[in-house]
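Structure file structure.pdb (PDB, C-alpha atoms, pLDDT in the B column) follows.
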```
ATOM      1  CA  MET A 287      71.779 122.850  86.716  1.00 55.00           C
ATOM      2  CA  THR A 288      74.061 121.995  83.803  1.00 59.00           C
ATOM      3  CA  LYS A 289      73.211 122.402  80.145  1.00 54.00           C
ATOM      4  CA  ALA A 290      74.288 119.345  78.169  1.00 59.00           C
ATOM      5  CA  ALA A 291      76.651 120.160  75.317  1.00 52.00           C
ATOM      6  CA  GLY A 292      75.043 120.161  71.903  1.00 49.00           C
ATOM      7  CA  GLY A 293      71.463 120.298  73.091  1.00 53.00           C
ATOM      8  CA  ASP A 294      68.798 122.103  75.087  1.00 57.00           C
ATOM      9  CA  MET A 295      68.560 119.427  77.782  1.00 69.00           C
ATOM     10  CA  ARG A 296      69.271 120.686  81.271  1.00 87.00           C
ATOM     11  CA  LEU A 297      70.831 118.177  83.617  1.00 95.00           C
ATOM     12  CA  THR A 298      71.202 118.161  87.355  1.00 96.00           C
ATOM     13  CA  ILE A 299      74.312 116.332  88.563  1.00 98.00           C
ATOM     14  CA  ARG A 300      74.242 114.834  92.054  1.00 98.00           C
ATOM     15  CA  PRO A 301      76.527 112.520  94.061  1.00 98.00           C
ATOM     16  CA  LEU A 302      75.356 108.931  94.462  1.00 98.00           C
ATOM     17  CA  THR A 303      74.224 108.922  98.083  1.00 98.00           C
ATOM     18  CA  PRO A 304      72.200 106.067  99.650  1.00 98.00           C
ATOM     19  CA  ASP A 305      68.904 107.904  99.114  1.00 97.00           C
ATOM     20  CA  ARG A 306      69.648 108.032  95.360  1.00 98.00           C
ATOM     21  CA  TRP A 307      70.273 104.287  95.062  1.00 97.00           C
ATOM     22  CA  PRO A 308      66.793 103.652  93.517  1.00 97.00           C
ATOM     23  CA  ALA A 309      67.654 106.141  90.758  1.00 97.00           C
ATOM     24  CA  LEU A 310      70.859 104.233  89.972  1.00 97.00           C
ATOM     25  CA  GLU A 311      68.965 100.935  89.944  1.00 95.00           C
ATOM     26  CA  ASP A 312      66.458 102.405  87.511  1.00 96.00           C
ATOM     27  CA  LEU A 313      69.302 103.639  85.283  1.00 97.00           C
ATOM     28  CA  PHE A 314      71.271 100.374  85.353  1.00 95.00           C
ATOM     29  CA  GLY A 315      68.193  98.158  85.028  1.00 91.00           C
ATOM     30  CA  SER A 316      67.806  94.645  86.345  1.00 84.00           C
ATOM     31  CA  VAL A 317      70.937  93.455  84.510  1.00 83.00           C
ATOM     32  CA  GLY A 318      73.162  96.001  86.241  1.00 85.00           C
ATOM     33  CA  ALA A 319      74.663  97.903  83.278  1.00 85.00           C
ATOM     34  CA  SER A 320      77.613  96.647  81.264  1.00 78.00           C
ATOM     35  CA  ASN A 321      76.666  92.979  81.545  1.00 79.00           C
ATOM     36  CA  GLY A 322      76.100  92.951  85.291  1.00 84.00           C
ATOM     37  CA  CYS A 323      79.207  94.868  86.308  1.00 90.00           C
ATOM     38  CA  TRP A 324      77.484  97.215  88.787  1.00 93.00           C
ATOM     39  CA  CYS A 325      80.671  99.329  88.615  1.00 91.00           C
ATOM     40  CA  MET A 326      82.783  96.612  90.226  1.00 92.00           C
ATOM     41  CA  TYR A 327      85.260  95.963  87.403  1.00 90.00           C
ATOM     42  CA  TRP A 328      87.947  98.436  88.495  1.00 90.00           C
ATOM     43  CA  ARG A 329      87.571  97.169  92.060  1.00 92.00           C
ATOM     44  CA  ILE A 330      87.776  93.409  91.498  1.00 90.00           C
ATOM     45  CA  GLY A 331      88.655  92.927  87.839  1.00 87.00           C
ATOM     46  CA  SER A 332      87.226  90.163  85.688  1.00 85.00           C
ATOM     47  CA  GLU A 333      86.059  88.377  88.841  1.00 86.00           C
ATOM     48  CA  TYR A 334      82.809  90.325  88.429  1.00 86.00           C
ATOM     49  CA  HIS A 335      82.003  88.022  85.453  1.00 84.00           C
ATOM     50  CA  LYS A 336      82.463  84.898  87.549  1.00 87.00           C
ATOM     51  CA  ARG A 337      79.947  85.635  90.248  1.00 90.00           C
ATOM     52  CA  PRO A 338      76.202  86.281  90.252  1.00 89.00           C
ATOM     53  CA  ARG A 339      75.149  89.786  89.199  1.00 91.00           C
ATOM     54  CA  GLU A 340      73.271  90.117  92.493  1.00 91.00           C
ATOM     55  CA  LYS A 341      76.581  89.791  94.358  1.00 93.00           C
ATOM     56  CA  ASN A 342      78.026  92.683  92.322  1.00 93.00           C
ATOM     57  CA  ARG A 343      74.882  94.707  93.016  1.00 93.00           C
ATOM     58  CA  SER A 344      75.003  94.097  96.765  1.00 95.00           C
ATOM     59  CA  ALA A 345      78.750  94.810  96.900  1.00 95.00           C
ATOM     60  CA  PHE A 346      78.305  98.142  95.149  1.00 95.00           C
ATOM     61  CA  ARG A 347      75.275  99.006  97.266  1.00 96.00           C
ATOM     62  CA  ALA A 348      77.402  98.446 100.390  1.00 97.00           C
ATOM     63  CA  ILE A 349      80.007 100.860  98.992  1.00 97.00           C
ATOM     64  CA  VAL A 350      77.293 103.472  98.434  1.00 97.00           C
ATOM     65  CA  LYS A 351      75.852 102.933 101.940  1.00 97.00           C
ATOM     66  CA  HIS A 352      79.270 103.184 103.579  1.00 95.00           C
ATOM     67  CA  GLY A 353      80.228 106.333 101.634  1.00 91.00           C
ATOM     68  CA  PRO A 354      81.673 108.615 100.551  1.00 95.00           C
ATOM     69  CA  PRO A 355      79.691 108.765  97.296  1.00 97.00           C
ATOM     70  CA  PRO A 356      81.539 106.703  94.647  1.00 97.00           C
ATOM     71  CA  GLY A 357      80.378 108.799  91.720  1.00 98.00           C
ATOM     72  CA  LEU A 358      77.852 111.124  90.153  1.00 98.00           C
ATOM     73  CA  LEU A 359      74.389 110.742  88.648  1.00 98.00           C
ATOM     74  CA  ALA A 360      73.026 113.008  85.909  1.00 98.00           C
ATOM     75  CA  PHE A 361      69.290 113.668  86.104  1.00 98.00           C
ATOM     76  CA  ASP A 362      66.901 114.933  83.453  1.00 96.00           C
ATOM     77  CA  GLY A 363      64.142 116.045  85.790  1.00 95.00           C
ATOM     78  CA  GLU A 364      63.597 113.163  88.231  1.00 94.00           C
ATOM     79  CA  ARG A 365      65.029 110.520  85.916  1.00 96.00           C
ATOM     80  CA  ALA A 366      68.673 109.410  86.173  1.00 97.00           C
ATOM     81  CA  VAL A 367      70.112 109.422  82.663  1.00 97.00           C
ATOM     82  CA  GLY A 368      73.846 109.114  83.252  1.00 97.00           C
ATOM     83  CA  TRP A 369      76.464 107.901  85.694  1.00 97.00           C
ATOM     84  CA  CYS A 370      80.201 108.261  86.169  1.00 97.00           C
ATOM     85  CA  GLN A 371      82.349 106.612  88.780  1.00 97.00           C
ATOM     86  CA  LEU A 372      84.588 109.180  90.501  1.00 98.00           C
ATOM     87  CA  THR A 373      86.825 108.072  93.351  1.00 97.00           C
ATOM     88  CA  PRO A 374      90.359 108.334  94.648  1.00 96.00           C
ATOM     89  CA  ARG A 375      92.441 106.057  92.440  1.00 96.00           C
ATOM     90  CA  ASP A 376      93.454 104.046  95.511  1.00 94.00           C
ATOM     91  CA  ASP A 377      89.825 102.831  95.791  1.00 94.00           C
ATOM     92  CA  LEU A 378      90.197 101.085  92.413  1.00 94.00           C
ATOM     93  CA  ARG A 379      92.877  98.497  93.067  1.00 90.00           C
ATOM     94  CA  TRP A 380      92.409  96.753  89.736  1.00 91.00           C
ATOM     95  CA  LEU A 381      93.740  99.782  87.867  1.00 88.00           C
ATOM     96  CA  ASN A 382      97.236  98.989  89.096  1.00 83.00           C
ATOM     97  CA  ARG A 383      96.879  95.404  87.876  1.00 86.00           C
ATOM     98  CA  ALA A 384      95.949  96.555  84.366  1.00 85.00           C
ATOM     99  CA  ARG A 385      99.332  97.139  82.756  1.00 85.00           C
ATOM    100  CA  PHE A 386      97.978  99.770  80.366  1.00 86.00           C
ATOM    101  CA  PHE A 387      96.864 101.928  83.291  1.00 90.00           C
ATOM    102  CA  GLU A 388      99.617 101.508  85.883  1.00 89.00           C
ATOM    103  CA  ARG A 389     100.468 104.638  87.836  1.00 92.00           C
ATOM    104  CA  VAL A 390     102.381 107.309  85.959  1.00 91.00           C
ATOM    105  CA  ASP A 391     103.706 108.837  89.194  1.00 93.00           C
ATOM    106  CA  ALA A 392     102.961 109.053  92.912  1.00 93.00           C
ATOM    107  CA  VAL A 393     100.428 111.926  92.737  1.00 93.00           C
ATOM    108  CA  PRO A 394      97.326 110.896  94.766  1.00 94.00           C
ATOM    109  CA  VAL A 395      94.930 111.447  91.866  1.00 96.00           C
ATOM    110  CA  TRP A 396      91.218 110.782  91.680  1.00 97.00           C
ATOM    111  CA  SER A 397      89.922 108.712  88.778  1.00 97.00           C
ATOM    112  CA  ILE A 398      86.971 108.978  86.434  1.00 97.00           C
ATOM    113  CA  SER A 399      86.916 105.310  85.579  1.00 95.00           C
ATOM    114  CA  CYS A 400      83.607 104.550  83.869  1.00 93.00           C
ATOM    115  CA  PHE A 401      80.339 105.898  82.504  1.00 96.00           C
ATOM    116  CA  TYR A 402      76.881 104.637  81.764  1.00 95.00           C
ATOM    117  CA  VAL A 403      74.375 106.723  79.790  1.00 95.00           C
ATOM    118  CA  ARG A 404      70.755 105.701  79.300  1.00 95.00           C
ATOM    119  CA  ARG A 405      69.679 104.753  75.778  1.00 92.00           C
ATOM    120  CA  GLY A 406      67.982 107.711  74.136  1.00 93.00           C
ATOM    121  CA  TYR A 407      70.367 110.123  75.907  1.00 95.00           C
ATOM    122  CA  ARG A 408      73.612 109.043  74.298  1.00 91.00           C
ATOM    123  CA  ARG A 409      75.522 111.488  72.077  1.00 89.00           C
ATOM    124  CA  GLN A 410      73.727 114.409  73.724  1.00 92.00           C
ATOM    125  CA  GLY A 411      76.486 115.717  75.986  1.00 94.00           C
ATOM    126  CA  VAL A 412      75.688 113.721  79.128  1.00 96.00           C
ATOM    127  CA  MET A 413      79.250 112.379  79.374  1.00 95.00           C
ATOM    128  CA  SER A 414      80.717 115.863  78.976  1.00 96.00           C
ATOM    129  CA  ALA A 415      78.409 117.259  81.667  1.00 97.00           C
ATOM    130  CA  LEU A 416      79.457 114.481  84.040  1.00 98.00           C
ATOM    131  CA  ILE A 417      83.160 115.138  83.362  1.00 97.00           C
ATOM    132  CA  ALA A 418      82.743 118.852  84.125  1.00 96.00           C
ATOM    133  CA  ALA A 419      80.881 118.110  87.357  1.00 97.00           C
ATOM    134  CA  ALA A 420      83.446 115.471  88.357  1.00 97.00           C
ATOM    135  CA  LEU A 421      86.303 117.961  88.011  1.00 97.00           C
ATOM    136  CA  LYS A 422      84.529 120.430  90.281  1.00 96.00           C
ATOM    137  CA  ARG A 423      83.675 117.756  92.852  1.00 96.00           C
ATOM    138  CA  ALA A 424      87.253 116.459  92.944  1.00 96.00           C
ATOM    139  CA  ARG A 425      88.580 119.982  93.402  1.00 95.00           C
ATOM    140  CA  ARG A 426      86.199 120.573  96.316  1.00 94.00           C
ATOM    141  CA  ALA A 427      87.544 117.354  97.841  1.00 94.00           C
ATOM    142  CA  ARG A 428      91.073 118.802  97.461  1.00 94.00           C
ATOM    143  CA  ALA A 429      92.249 116.212  94.968  1.00 95.00           C
ATOM    144  CA  PRO A 430      95.393 117.489  93.199  1.00 95.00           C
ATOM    145  CA  ALA A 431      94.383 116.055  89.814  1.00 96.00           C
ATOM    146  CA  VAL A 432      91.914 113.766  88.061  1.00 97.00           C
ATOM    147  CA  GLU A 433      92.873 110.902  85.769  1.00 97.00           C
ATOM    148  CA  ALA A 434      90.882 109.088  83.101  1.00 96.00           C
ATOM    149  CA  TYR A 435      91.492 106.020  80.944  1.00 95.00           C
ATOM    150  CA  PRO A 436      89.366 106.558  77.816  1.00 94.00           C
ATOM    151  CA  VAL A 437      89.327 104.998  74.383  1.00 92.00           C
ATOM    152  CA  ASP A 438      90.953 106.933  71.548  1.00 90.00           C
ATOM    153  CA  THR A 439      88.287 106.192  68.950  1.00 84.00           C
ATOM    154  CA  MET A 440      90.581 107.486  66.174  1.00 83.00           C
ATOM    155  CA  ARG A 441      93.052 104.688  66.937  1.00 71.00           C
ATOM    156  CA  SER A 442      90.678 101.913  67.919  1.00 59.00           C
ATOM    157  CA  ASP A 443      89.174  99.280  65.655  1.00 61.00           C
ATOM    158  CA  SER A 444      86.032  99.240  67.807  1.00 54.00           C
ATOM    159  CA  THR A 445      83.919 101.915  69.426  1.00 54.00           C
ATOM    160  CA  SER A 446      81.582  99.442  71.116  1.00 57.00           C
ATOM    161  CA  ASN A 447      83.422  99.319  74.443  1.00 68.00           C
ATOM    162  CA  VAL A 448      83.692 102.953  75.491  1.00 79.00           C
ATOM    163  CA  PHE A 449      82.466 102.609  79.080  1.00 88.00           C
ATOM    164  CA  THR A 450      85.639 104.435  80.186  1.00 92.00           C
ATOM    165  CA  GLY A 451      84.737 107.404  77.985  1.00 92.00           C
ATOM    166  CA  THR A 452      86.222 108.775  74.802  1.00 93.00           C
ATOM    167  CA  MET A 453      89.508 110.608  74.503  1.00 94.00           C
ATOM    168  CA  SER A 454      87.855 113.430  72.556  1.00 93.00           C
ATOM    169  CA  ALA A 455      85.414 114.172  75.411  1.00 95.00           C
ATOM    170  CA  PHE A 456      88.261 114.389  77.915  1.00 96.00           C
ATOM    171  CA  MET A 457      90.378 116.550  75.594  1.00 96.00           C
ATOM    172  CA  ARG A 458      87.480 119.023  75.296  1.00 96.00           C
ATOM    173  CA  ALA A 459      87.423 119.180  79.101  1.00 95.00           C
ATOM    174  CA  GLY A 460      91.134 120.064  79.253  1.00 95.00           C
ATOM    175  CA  PHE A 461      92.689 116.667  79.984  1.00 96.00           C
ATOM    176  CA  LYS A 462      96.148 115.863  78.563  1.00 96.00           C
ATOM    177  CA  ALA A 463      97.563 112.448  77.679  1.00 95.00           C
ATOM    178  CA  LEU A 464     100.369 111.457  80.088  1.00 94.00           C
ATOM    179  CA  ALA A 465     101.042 107.931  78.900  1.00 93.00           C
ATOM    180  CA  ARG A 466      99.981 105.720  76.032  1.00 93.00           C
ATOM    181  CA  ARG A 467     101.070 102.152  76.603  1.00 90.00           C
ATOM    182  CA  VAL A 468      98.857 100.971  73.754  1.00 87.00           C
ATOM    183  CA  PRO A 469      97.841 103.279  70.904  1.00 87.00           C
ATOM    184  CA  SER A 470      94.106 103.349  71.636  1.00 88.00           C
ATOM    185  CA  ARG A 471      94.180 103.637  75.468  1.00 91.00           C
ATOM    186  CA  PRO A 472      95.829 106.792  76.850  1.00 94.00           C
ATOM    187  CA  VAL A 473      96.148 107.683  80.511  1.00 95.00           C
ATOM    188  CA  MET A 474      94.887 111.264  80.707  1.00 96.00           C
ATOM    189  CA  ARG A 475      95.087 113.816  83.488  1.00 97.00           C
ATOM    190  CA  HIS A 476      93.683 117.204  84.427  1.00 96.00           C
ATOM    191  CA  ASP A 477      95.275 119.261  87.149  1.00 94.00           C
ATOM    192  CA  LEU A 478      92.646 121.127  89.098  1.00 87.00           C
ATOM    193  CA  ILE A 479      94.288 124.513  89.575  1.00 74.00           C
ATOM    194  CA  ARG A 480      92.114 126.274  86.995  1.00 63.00           C
ATOM    195  CA  ILE A 481      88.808 124.619  87.882  1.00 59.00           C
ATOM    196  CA  GLY A 482      86.340 126.993  89.500  1.00 54.00           C
ATOM    197  CA  GLU A 483      84.025 126.195  92.378  1.00 48.00           C
TER     198      GLU A 483
END
```
Hey, can you dump this file as C-alpha cells for me?
Amino acid sequence: MTKAAGGDMRLTIRPLTPDRWPALEDLFGSVGASNGCWCMYWRIGSEYHKRPREKNRSAFRAIVKHGPPPGLLAFDGERAVGWCQLTPRDDLRWLNRARFFERVDAVPVWSISCFYVRRGYRRQGVMSALIAAALKRARRARAPAVEAYPVDTMRSDSTSNVFTGTMSAFMRAGFKALARRVPSRPVMRHDLIRIGE
C-alpha cells in the first residue's frame, strides 16, 4: 500500500499481468488512452497513428500475455487509476530512433517511458507513487539504473503532452538530468544503489 503524495488516498501498485488486463482496459477506455496508442508509441513510433486502434490494443495485449509485465498499475481499491510503462530500454526500439532520447551510454537501463492517470485522479500524486514503485521493481529485477524522458514544464510552451511525465516529479524521486538535447526534454536517470526493497 502506497500513500499518494499530497493526499490521503492509498494506492496499491501492481504489475500488469494478464489477469489485470480488464483493469487496464477500464482505465484506458474504449479509445485506448492517448488517442489510441495502447502504449505502442515507443515500440513502433508514429506507425501507431496509421493503423486501427484495435490493432494497437491487440499488439499490446499480446505483449502482456507473453510477459514479463510491461509496466505497473495503480489501484484505488479495485479501480485502476494510473499506469506507467516500465521495461528494459531495449524493449522500446523507437527510443533510439528519437534523436532527443538516443542512448547516453551503454548501461543496460530500464525505462519509465509513459504514464496515464484517470481523470479525477490527476495532480494527486499518482505519478509520483508509480515512479517510486517502478524504482523498487527495477531494482528487484537487478536493473543497474532507470531512465526517464519527461517534459520540463518550466521550459516548455505546452503542458498538454506530458504522457512521459514531468521533470519535477522525477527530480523529487532522485533522478538527475544526463542529457538535454532540446531545452524542454531531458534524459534523466536514477541509479538504484540507494533504493530499498
Quiz item: Evaluating the PyMOL selection byres ((chain A and resi 404-407) around 9) on the displayed file yields which residues, as a PyMOL selection string?
Solution: chain A and resi 313-314+366-369+402-403+408-412
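Between atom CA of Tyr334 of chain A and atom CA of Ala431 of chain A the separation is 28.2 Å.
Counting only C-alpha atoms, the residue from A:Gly331, A:Pro356, A:Pro338, A:Pro436 that sits nearest to Pro472 of chain A is A:Pro436.
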Exercise. For a cut-off of 9 Å around (94.1, 117.0, 88.7), file coordinates, pick out all residues using all atoms listed in the file and list them as an MDAnalysis selection string.
Key: chainID A and resid 395:396 421 424:425 429:433 461 475:479
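For the pair atom CA of Met474 of chain A and atom CA of Lys462 of chain A, the interatomic distance is 5.2 Å.
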Restrict the calculation to all atoms listed in the file, then for each residue of segment 377-455 of chain A with any atom at most 12 Å from an atom of segment 342-355 of chain A give the closest atom pair and their distance in Å to one decimal, rows by chain and rising residue number, as a Markdown table.
```
| residue | atom | partner | partner_atom | distance |
| --- | --- | --- | --- | --- |
| A:Asp377 | CA | A:Ile349 | CA | 10.5 |
| A:Ala420 | CA | A:Pro355 | CA | 11.8 |
| A:Arg423 | CA | A:Pro355 | CA | 10.8 |
| A:Ala424 | CA | A:Pro355 | CA | 11.6 |
| A:Ala427 | CA | A:Pro354 | CA | 10.9 |
```
Practice problem: Have a look at A:Arg337, A:Pro394, A:Arg296, A:Arg385 and name the one nearest to Phe361 of chain A; count only C-alpha atoms. | Solution: A:Arg296
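With all atoms listed in the file as the basis for measurement, A:Ala434 is the residue among A:Cys325, A:Val317, A:Ala434, A:Cys370 that approaches Glu388 of chain A most closely.
Distance-wise, atom CA of Leu302 of chain A and atom CA of Leu358 of chain A end up 5.4 Å apart.
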Quiz item: If we count all atoms listed in the file, what is near Phe401 of chain A at a cut-off of 10 Å, once residues fewer than 3 positions away on the same chain are taken out, given as a PyMOL selection string?
Solution: chain A and resi 319-320+325+357-359+368-372+398+412-413+416-417+448-451
Quiz prompt | Evaluate the PyMOL selection byres ((chain A and resi 329) around 6) and report residues as a VMD selection string | solution = chain A and resid 326 to 328 330 378 to 380
Quiz item: Looking at only C-alpha atoms, which of A:Cys400, A:Ala415, A:Val393, A:Cys323 is the one that sits closest to Ala360 of chain A?
Solution: A:Ala415
What are the centre and the three edge lengths of an axis-aligned box that wraps all atoms of segment 395-406 of chain A in the file, given that 4 Å is added to every side, written as AutoDock Vina command-line options and rounded to one decimal in Å?
```
--center_x 81.5 --center_y 108.0 --center_z 83.0 --size_x 34.9 --size_y 14.9 --size_z 25.7
```
Quiz prompt | All residues 10 Å or closer to Arg471 of chain A, only C-alpha atoms, same chain fewer than 5 positions away omitted, as a list in words | solution = Phe386, Phe387, Ala434, Tyr435, Pro436, Val437, Asp438, Thr439, Arg441, Ser442, Thr450, Thr452, Met453, Ala463, Ala465 and Arg466 of chain A
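Distance check against Val390 of chain A using only C-alpha atoms: of A:Arg365, A:Glu333, A:Arg428, A:Arg375, the minimum falls on A:Arg375.
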